[in-house]
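Text of the file data.txt, holding compact mmCIF, C-alpha atoms and all ligand atoms:
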# COMPACT_ATOMS: atom_id res chain seq x y z
CA MET A 1446 0.00 0.00 0.00
CA THR A 1447 1.25 3.54 -0.72
CA ALA A 1448 1.95 5.92 2.17
CA GLU A 1449 -1.28 7.76 1.28
CA GLY A 1450 -3.23 4.49 1.16
CA THR A 1451 -1.93 3.54 4.61
CA LEU A 1452 -2.90 6.94 6.03
CA ARG A 1453 -6.41 6.68 4.57
CA ALA A 1454 -6.77 3.22 6.13
CA ASP A 1455 -5.45 4.52 9.49
CA ILE A 1456 -8.08 7.29 9.54
CA VAL A 1457 -10.84 4.78 8.75
CA GLU A 1458 -9.65 2.52 11.60
CA VAL A 1459 -9.39 5.37 14.11
CA GLY A 1460 -12.92 6.50 13.15
CA ARG A 1461 -14.21 2.96 13.63
CA ARG A 1462 -12.65 2.71 17.11
CA MET A 1463 -13.91 6.17 18.09
CA TYR A 1464 -17.50 5.28 17.14
CA ALA A 1465 -17.30 1.77 18.64
CA ARG A 1466 -16.20 3.20 21.99
CA GLY A 1467 -19.00 5.77 22.00
CA TYR A 1468 -16.69 8.78 21.67
CA THR A 1469 -18.95 10.12 18.92
CA ALA A 1470 -22.63 9.83 18.06
CA SER A 1471 -24.19 10.19 14.63
CA ASN A 1472 -21.83 12.14 12.35
CA ASP A 1473 -19.85 13.83 15.15
CA GLY A 1474 -16.09 14.11 15.36
CA ASN A 1475 -13.33 14.52 12.82
CA ILE A 1476 -9.85 13.19 12.09
CA SER A 1477 -6.96 14.47 9.99
CA ALA A 1478 -3.39 13.51 9.13
CA ARG A 1479 -0.44 15.26 7.53
CA LEU A 1480 0.18 14.04 3.99
CA GLY A 1481 3.53 15.53 3.04
CA SER A 1482 4.72 19.07 3.75
CA ASP A 1483 1.74 21.04 2.45
CA ARG A 1484 -1.12 18.57 2.24
CA LEU A 1485 -3.61 17.17 4.76
CA LEU A 1486 -5.95 14.20 4.63
CA MET A 1487 -9.23 15.11 6.31
CA THR A 1488 -12.45 13.27 7.14
CA PRO A 1489 -15.42 14.57 5.15
CA LYS A 1490 -18.40 16.53 6.39
CA GLY A 1491 -21.56 14.69 7.40
CA VAL A 1492 -20.52 11.03 7.62
CA CYS A 1493 -20.58 8.64 10.57
CA LYS A 1494 -16.97 8.04 11.60
CA GLY A 1495 -17.75 4.39 12.35
CA PHE A 1496 -18.52 3.50 8.74
CA MET A 1497 -16.07 5.42 6.56
CA THR A 1498 -14.20 4.03 3.57
CA PRO A 1499 -10.69 5.15 2.49
CA ASP A 1500 -11.98 6.85 -0.69
CA MET A 1501 -14.18 9.25 1.34
CA MET A 1502 -11.25 11.37 2.60
CA CYS A 1503 -10.53 14.88 1.29
CA ILE A 1504 -7.10 16.24 0.53
CA THR A 1505 -6.62 19.92 1.41
CA ASP A 1506 -3.71 22.31 1.53
CA LEU A 1507 -2.67 24.02 4.78
CA GLU A 1508 -5.03 26.94 4.04
CA GLY A 1509 -7.98 24.58 3.85
CA ASN A 1510 -8.51 24.64 0.09
CA LYS A 1511 -9.76 21.33 -1.20
CA VAL A 1512 -7.25 19.77 -3.57
CA GLN A 1513 -8.89 16.40 -4.12
CA GLY A 1514 -11.98 14.43 -3.08
CA ASP A 1515 -15.67 14.08 -3.96
CA ARG A 1516 -16.86 15.35 -0.60
CA ASP A 1517 -16.32 18.54 1.38
CA PRO A 1518 -13.87 18.51 4.28
CA SER A 1519 -14.98 18.47 7.92
CA SER A 1520 -16.78 21.54 9.26
CA GLU A 1521 -14.12 21.68 12.03
CA MET A 1522 -11.30 21.93 9.48
CA LEU A 1523 -10.26 25.39 10.78
CA MET A 1524 -9.42 23.93 14.19
CA HIS A 1525 -7.27 21.22 12.55
CA LEU A 1526 -5.47 23.78 10.37
CA GLU A 1527 -4.65 25.85 13.46
CA VAL A 1528 -3.07 22.83 15.16
CA TYR A 1529 -0.86 22.02 12.12
CA ARG A 1530 0.20 25.68 11.85
CA GLN A 1531 1.16 25.92 15.52
CA ARG A 1532 2.75 22.49 15.85
CA PRO A 1533 5.11 21.41 13.05
CA ASP A 1534 5.83 18.23 15.06
CA VAL A 1535 2.19 17.09 14.80
CA ALA A 1536 0.97 14.79 12.02
CA GLY A 1537 -2.38 13.61 13.41
CA VAL A 1538 -5.41 15.39 14.95
CA VAL A 1539 -8.51 13.80 16.48
CA HIS A 1540 -11.67 15.54 17.71
CA ALA A 1541 -14.50 13.68 19.47
CA HIS A 1542 -17.14 14.00 22.20
CA PRO A 1543 -16.25 11.22 24.68
CA PRO A 1544 -19.08 11.43 27.23
CA THR A 1545 -17.21 11.48 30.56
CA ALA A 1546 -14.48 13.89 29.45
CA THR A 1547 -17.13 16.04 27.75
CA GLY A 1548 -19.06 16.01 31.05
CA PHE A 1549 -16.01 17.61 32.68
CA ALA A 1550 -15.89 20.11 29.79
CA VAL A 1551 -19.56 20.96 30.41
CA ALA A 1552 -19.03 21.26 34.18
CA GLY A 1553 -16.06 23.55 33.54
CA ILE A 1554 -13.72 21.25 35.50
CA PRO A 1555 -10.31 20.80 33.83
CA LEU A 1556 -8.45 17.51 34.25
CA ASP A 1557 -5.43 19.25 35.69
CA ARG A 1558 -4.95 17.65 39.11
CA ALA A 1559 -1.90 15.53 39.83
CA VAL A 1560 -3.78 12.27 40.19
CA LEU A 1561 -2.43 9.60 37.84
CA ALA A 1562 1.30 9.07 37.41
CA GLU A 1563 1.11 7.91 33.80
CA VAL A 1564 -1.11 10.78 32.70
CA LEU A 1565 1.34 13.25 34.24
CA THR A 1566 4.23 11.63 32.40
CA THR A 1567 2.49 11.59 29.04
CA LEU A 1568 -0.07 14.41 28.80
CA GLY A 1569 0.79 16.57 31.82
CA SER A 1570 -2.45 18.48 32.29
CA ILE A 1571 -5.65 18.64 30.25
CA PRO A 1572 -6.96 22.23 30.28
CA ILE A 1573 -10.29 23.52 28.95
CA ALA A 1574 -10.27 25.78 25.89
CA ALA A 1575 -12.91 28.52 26.20
CA TYR A 1576 -16.34 27.99 24.72
CA ALA A 1577 -16.54 28.80 21.02
CA THR A 1578 -19.22 28.28 18.41
CA PRO A 1579 -18.36 25.03 16.59
CA SER A 1580 -17.08 25.32 13.01
CA THR A 1581 -16.44 29.11 13.29
CA SER A 1582 -13.07 30.84 13.52
CA GLU A 1583 -13.71 31.23 17.27
CA LEU A 1584 -12.77 27.61 17.89
CA PRO A 1585 -9.21 27.78 16.47
CA GLU A 1586 -8.72 30.96 18.52
CA ALA A 1587 -9.80 29.18 21.72
CA VAL A 1588 -7.51 26.23 20.96
CA ARG A 1589 -4.51 28.44 20.11
CA ARG A 1590 -3.94 29.38 23.77
CA PHE A 1591 -3.15 25.79 24.80
CA VAL A 1592 -2.03 23.95 21.70
CA LYS A 1593 1.67 24.83 21.87
CA ALA A 1594 2.10 23.26 25.31
CA HIS A 1595 -0.55 20.51 25.32
CA ASP A 1596 -1.26 17.37 23.31
CA GLY A 1597 -4.82 17.13 24.63
CA MET A 1598 -7.48 19.54 25.81
CA LEU A 1599 -11.17 19.73 26.59
CA LEU A 1600 -13.35 22.13 24.59
CA ALA A 1601 -15.85 23.87 26.87
CA ASN A 1602 -19.43 22.61 26.36
CA HIS A 1603 -18.34 20.65 23.33
CA GLY A 1604 -15.80 17.79 23.52
CA ALA A 1605 -12.09 17.07 23.38
CA LEU A 1606 -9.15 17.52 21.00
CA THR A 1607 -5.98 15.42 20.89
CA ILE A 1608 -2.89 15.64 18.70
CA GLY A 1609 0.16 13.50 18.09
CA ALA A 1610 3.06 12.47 15.89
CA ASP A 1611 0.60 10.36 13.86
CA VAL A 1612 -3.12 9.72 13.81
CA TYR A 1613 -2.91 6.72 16.16
CA ALA A 1614 -0.82 8.68 18.69
CA ALA A 1615 -3.51 11.38 18.63
CA TYR A 1616 -6.28 8.79 19.03
CA TYR A 1617 -4.61 7.00 21.96
CA LYS A 1618 -4.45 10.33 23.78
CA MET A 1619 -8.23 10.60 23.33
CA GLU A 1620 -8.54 7.15 24.97
CA THR A 1621 -6.27 8.30 27.82
CA ILE A 1622 -8.32 11.46 28.40
CA GLU A 1623 -11.63 9.58 28.55
CA HIS A 1624 -10.13 6.90 30.82
CA PHE A 1625 -8.65 9.59 33.09
CA ALA A 1626 -12.02 11.38 33.19
CA LYS A 1627 -13.80 8.16 34.24
CA ILE A 1628 -11.27 7.48 37.01
CA SER A 1629 -11.47 11.10 38.21
CA LEU A 1630 -15.26 10.89 38.28
CA VAL A 1631 -15.20 7.68 40.36
CA ALA A 1632 -12.67 9.15 42.82
CA ARG A 1633 -14.79 12.28 43.20
CA LEU A 1634 -17.94 10.19 43.71
CA LEU A 1635 -16.08 8.25 46.40
CA GLY A 1636 -15.44 11.56 48.06
CA ARG A 1637 -11.71 12.15 47.89
CA GLU A 1638 -8.70 12.32 45.63
CA ASN A 1639 -5.25 11.81 47.06
CA LEU A 1640 -3.01 14.05 45.00
CA ILE A 1641 0.53 13.31 43.90
CA SER A 1642 2.86 15.80 45.60
CA ARG A 1643 4.76 18.42 43.65
CA GLU A 1644 8.05 16.73 44.49
CA GLU A 1645 6.82 13.42 43.05
CA VAL A 1646 5.50 15.24 39.96
CA GLY A 1647 9.08 16.48 39.45
CA ARG A 1648 10.32 12.88 39.59
CA LEU A 1649 7.65 11.76 37.11
CA GLN A 1650 8.62 14.53 34.76
CA GLY A 1651 12.19 13.18 34.86
CA LEU A 1652 10.85 9.87 33.55
CA ARG A 1653 9.86 11.55 30.29
CA ASP A 1654 13.53 11.61 29.28
CA THR A 1655 14.06 8.03 30.45
CA TYR A 1656 11.17 6.77 28.31
CA GLY A 1657 11.81 9.09 25.39
CA ILE A 1658 8.42 10.84 25.75
CA LYS A 1659 8.41 13.99 23.63
CA ALA A 1660 6.22 16.31 25.68
CA PRO A 1661 5.63 19.73 24.08
CA ALA A 1662 6.24 21.64 27.36
CA PRO A 1663 7.38 21.13 30.95
CA ILE A 1664 4.98 20.73 33.89
CA CYS A 1665 4.67 23.70 36.23
CA ALA A 1666 2.70 24.17 39.44
CA GLU A 1667 -0.35 26.41 39.60
CA ASP A 1668 1.22 28.90 42.03
CA GLU A 1669 4.66 28.83 40.42
CA PRO A 1670 3.83 30.03 36.91
CA ALA A 1671 6.45 29.77 34.22
CA GLN A 1672 7.74 32.88 32.46
CA ASP A 1673 5.42 32.10 29.57
CA PRO A 1674 2.25 30.51 31.01
CA ALA A 1675 1.27 29.40 27.51
CA ALA A 1676 4.42 27.27 27.33
CA CYS A 1677 3.84 25.10 30.36
CA GLN A 1678 1.45 22.40 31.53
CA VAL A 1679 -0.10 23.75 34.72
CA VAL A 1680 -0.79 20.95 37.21
CA GLN A 1681 -2.39 21.22 40.64
CA ALA A 1682 0.06 19.42 42.92
CA PRO A 1683 0.49 20.49 46.55
CA SER A 1684 4.02 20.96 47.82
CA SER A 1685 4.72 18.44 50.56
CA PRO A 1686 8.40 17.69 51.06
CA ARG A 1687 9.01 14.02 51.95
CA ALA A 1688 5.43 13.01 51.02
CA ARG A 1689 4.67 11.38 47.70
CA LEU A 1690 0.89 11.50 48.14
CA VAL A 1691 -1.14 14.24 49.80
CA PRO A 1692 -4.76 13.78 50.96
CA SER A 1693 -6.88 16.27 49.08
CA ALA A 1694 -9.31 16.88 51.98
CA ASP A 1695 -8.69 20.25 53.55
CA GLY A 1696 -10.49 22.68 55.83
CA ASP A 1697 -12.19 24.39 52.91
CA GLY A 1698 -13.34 21.12 51.38
CA GLU A 1699 -17.01 20.83 50.54
CA ILE A 1700 -19.28 18.24 52.12
CA ARG A 1701 -22.71 17.39 50.81
CA LEU A 1702 -25.73 16.44 52.93
CA THR A 1703 -29.25 15.54 51.98
CA TYR A 1704 -32.05 17.69 53.45
CA ARG A 1705 -32.94 14.76 55.71
CA GLN A 1706 -29.37 14.45 57.03
CA LEU A 1707 -29.19 18.19 57.58
CA THR A 1708 -32.55 18.22 59.40
CA GLU A 1709 -31.41 15.35 61.65
CA LEU A 1710 -28.19 17.19 62.50
CA ILE A 1711 -30.12 20.35 63.39
CA GLU A 1712 -32.67 18.41 65.47
CA ASP A 1713 -29.82 16.66 67.33
CA ALA A 1714 -28.17 19.99 68.02
CA VAL A 1715 -31.45 21.51 69.25
CA ARG A 1716 -32.05 18.49 71.54
CA THR A 1717 -28.55 18.87 72.99
CA LEU A 1718 -29.22 22.53 73.75
CA ARG A 1719 -32.47 21.84 75.61
ZN ZN A 1801 -17.39 18.49 17.87

What is this file in structure tokens?
Ligand SMILES: [Zn+2]
Amino acid sequence: MTAEGTLRADIVEVGRRMYARGYTASNDGNISARLGSDRLLMTPKGVCKGFMTPDMMCITDLEGNKVQGDRDPSSEMLMHLEVYRQRPDVAGVVHAHPPTATGFAVAGIPLDRAVLAEVLTTLGSIPIAAYATPSTSELPEAVRRFVKAHDGMLLANHGALTIGADVYAAYYKMETIEHFAKISLVARLLGRENLISREEVGRLQGLRDTYGIKAPAPICAEDEPAQDPAACQVVQAPSSPRARLVPSADGDGEIRLTYRQLTELIEDAVRTLR
């Protein structure tokens, strides 16, 4: 198979996996890959990503002009073009609406806490790009703020975007984000998250070199901003010398009670006072 044929087949397979795992519904989502220095292969508008065929893809230039293909390119093409412009190292872009990660994007909760060692080593943090009307030029603008330093981000009230050295690398980051979102949700339902301390985050960052992970930017702590905040992956990790894990519960933590539990507490207190 030619290099182009392989790339077309890769996009079809990534679309199939995305749909099979419920990361997209109906015709949602889009995938693209770099095809040489000034050409992109892009999924077409208005097709279900679970049932594409290699001949459906469009070829565009880096300005978004269609060069080849019977169909029109994805309505989110502008967001893909922005990624390729900002990140010469990137050759694959995936956009989907995985339900748990998108839930965090709707709640306005970024996945930026130091919780999972492997996520810190690979993705660092997963911020939320500001809300933008899909398919307009607002969306690439919202993405621009984070794309230089991050390989994955949530899109407020919309979905998630991941990028990588090829289309599979981008897709696997989408799997990691959704998996991370599910684990974070369970931990929060259970009522606490033990965070990885800032010192341990430093050690994990050192592993990037050991494992040859090409992260686009270093990790920095929320209250120790880098000189260029756009060039660092901000992670919430409490400083706790000598401790590798830090319980997240603190004096300002929120507790939730039902009305019945609250009423019982008040009645108990009133009885005690009598
Ligand atoms: Zn979308």

Mind checking which residues fall within 10 Å of Ala1559 of chain A, counting all atoms listed in the file, ignoring those fewer than 6 positions away in the same chain, and posting them as a list in words?
->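 Counting only the stated atoms, we get Leu1565, Gly1569, Ser1570, Glu1638, Asn1639, Leu1640, Ile1641, Ser1642, Arg1643, Glu1645, Val1646, Ala1666, Val1679, Val1680, Gln1681, Ala1682, Pro1683 and Leu1690 of chain A.
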
Coordinates-based distance that separates atom CA of Asp1611 of chain A from atom CA of Arg1479 of chain A (Å, one decimal) | 8.1 Å

Residues around (1.0, 13.9, 13.3), cut-off 7 Å, counting all atoms listed in the file - what are they as a ChimeraX atom specification?
-> /A:1478-1479,1534-1538,1608-1612

Can I get the selected residues back with C-alpha atoms, as a short mmCIF file (atom, residue, chain, number, x, y, z; two decimals), keeping the file's coordinate frame?
data_model
loop_
_atom_site.label_atom_id
_atom_site.label_comp_id
_atom_site.auth_asym_id
_atom_site.auth_seq_id
_atom_site.Cartn_x
_atom_site.Cartn_y
_atom_site.Cartn_z
CA ALA A 1478 -3.39 13.51 9.13
CA ARG A 1479 -0.44 15.26 7.53
CA ASP A 1534 5.83 18.23 15.06
CA VAL A 1535 2.19 17.09 14.80
CA ALA A 1536 0.97 14.79 12.02
CA GLY A 1537 -2.38 13.61 13.41
CA VAL A 1538 -5.41 15.39 14.95
CA ILE A 1608 -2.89 15.64 18.70
CA GLY A 1609 0.16 13.50 18.09
CA ALA A 1610 3.06 12.47 15.89
CA ASP A 1611 0.60 10.36 13.86
CA VAL A 1612 -3.12 9.72 13.81
#

Residues at most 10 Å from Arg1653 of chain A, counting only C-alpha atoms, excluding those fewer than 4 positions away in the same chain, as a CSV table (one decimal) with C-alpha atoms, in the frame of the given file?
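Wrote result32.csv, looks like this:
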chain,number,residue,atom,x,y,z
A,1565,LEU,CA,1.3,13.2,34.2
A,1566,THR,CA,4.2,11.6,32.4
A,1567,THR,CA,2.5,11.6,29.0
A,1648,ARG,CA,10.3,12.9,39.6
A,1649,LEU,CA,7.6,11.8,37.1
A,1657,GLY,CA,11.8,9.1,25.4
A,1658,ILE,CA,8.4,10.8,25.8
A,1659,LYS,CA,8.4,14.0,23.6
A,1660,ALA,CA,6.2,16.3,25.7
A,1663,PRO,CA,7.4,21.1,31.0

Using atom CA of Gln1678 of chain A and atom CA of Ser1693 of chain A as the two end points, give the distance in Å to one decimal.
->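 Calculated distance between atom CA of Gln1678 of chain A and atom CA of Ser1693 of chain A is 20.4 Å.
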
With all atoms listed in the file as the atoms that count, which of A:Leu1485, A:Leu1561, A:Leu1507, A:Ala1601 lies nearest to ligand ZN 1801 (chain A)?
->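 Distance minimum relative to ligand ZN 1801 (chain A) lands on A:Ala1601.
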
For ligand ZN 1801 (chain A), list the contacting residues at 9 Å or closer, counting all atoms listed in the file, as a PyMOL selection string.
-> chain A and resi 1469+1473-1475+1521+1540-1542+1579-1580+1600+1603-1606

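Taking all atoms listed in the file, the non-local environment of Ser1471 of chain A within 9 Å (same-chain residues fewer than 2 positions away omitted) comprises A:Tyr1464, A:Thr1469, A:Asp1473, A:Gly1491, A:Val1492, A:Cys1493, A:Lys1494, A:Gly1495.
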
Residues near Ala1550 of chain A, cut-off 6 Å, only C-alpha atoms, skip fewer than 3 positions along chain, as a list in words =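 After dropping sequence-adjacent residues, the list is Thr1547, Gly1553, Leu1599, Ala1601 and Asn1602 of chain A.
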
Tell me which protein, DNA and RNA residues are within 10 Å of segment 1625-1628 of chain A, counting all atoms listed in the file, leaving out same-chain ones fewer than 6 positions away, and put them as a count of residues only.
-> 16

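Atom to atom, atom CA of Tyr1616 of chain A and atom CA of Arg1516 of chain A stand 23.2 Å apart.
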
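Comparing A:Glu1583, A:Gln1531, A:Arg1637, A:Pro1661 by their smallest distance to Val1691 of chain A, the closest is A:Arg1637 (using only C-alpha atoms).
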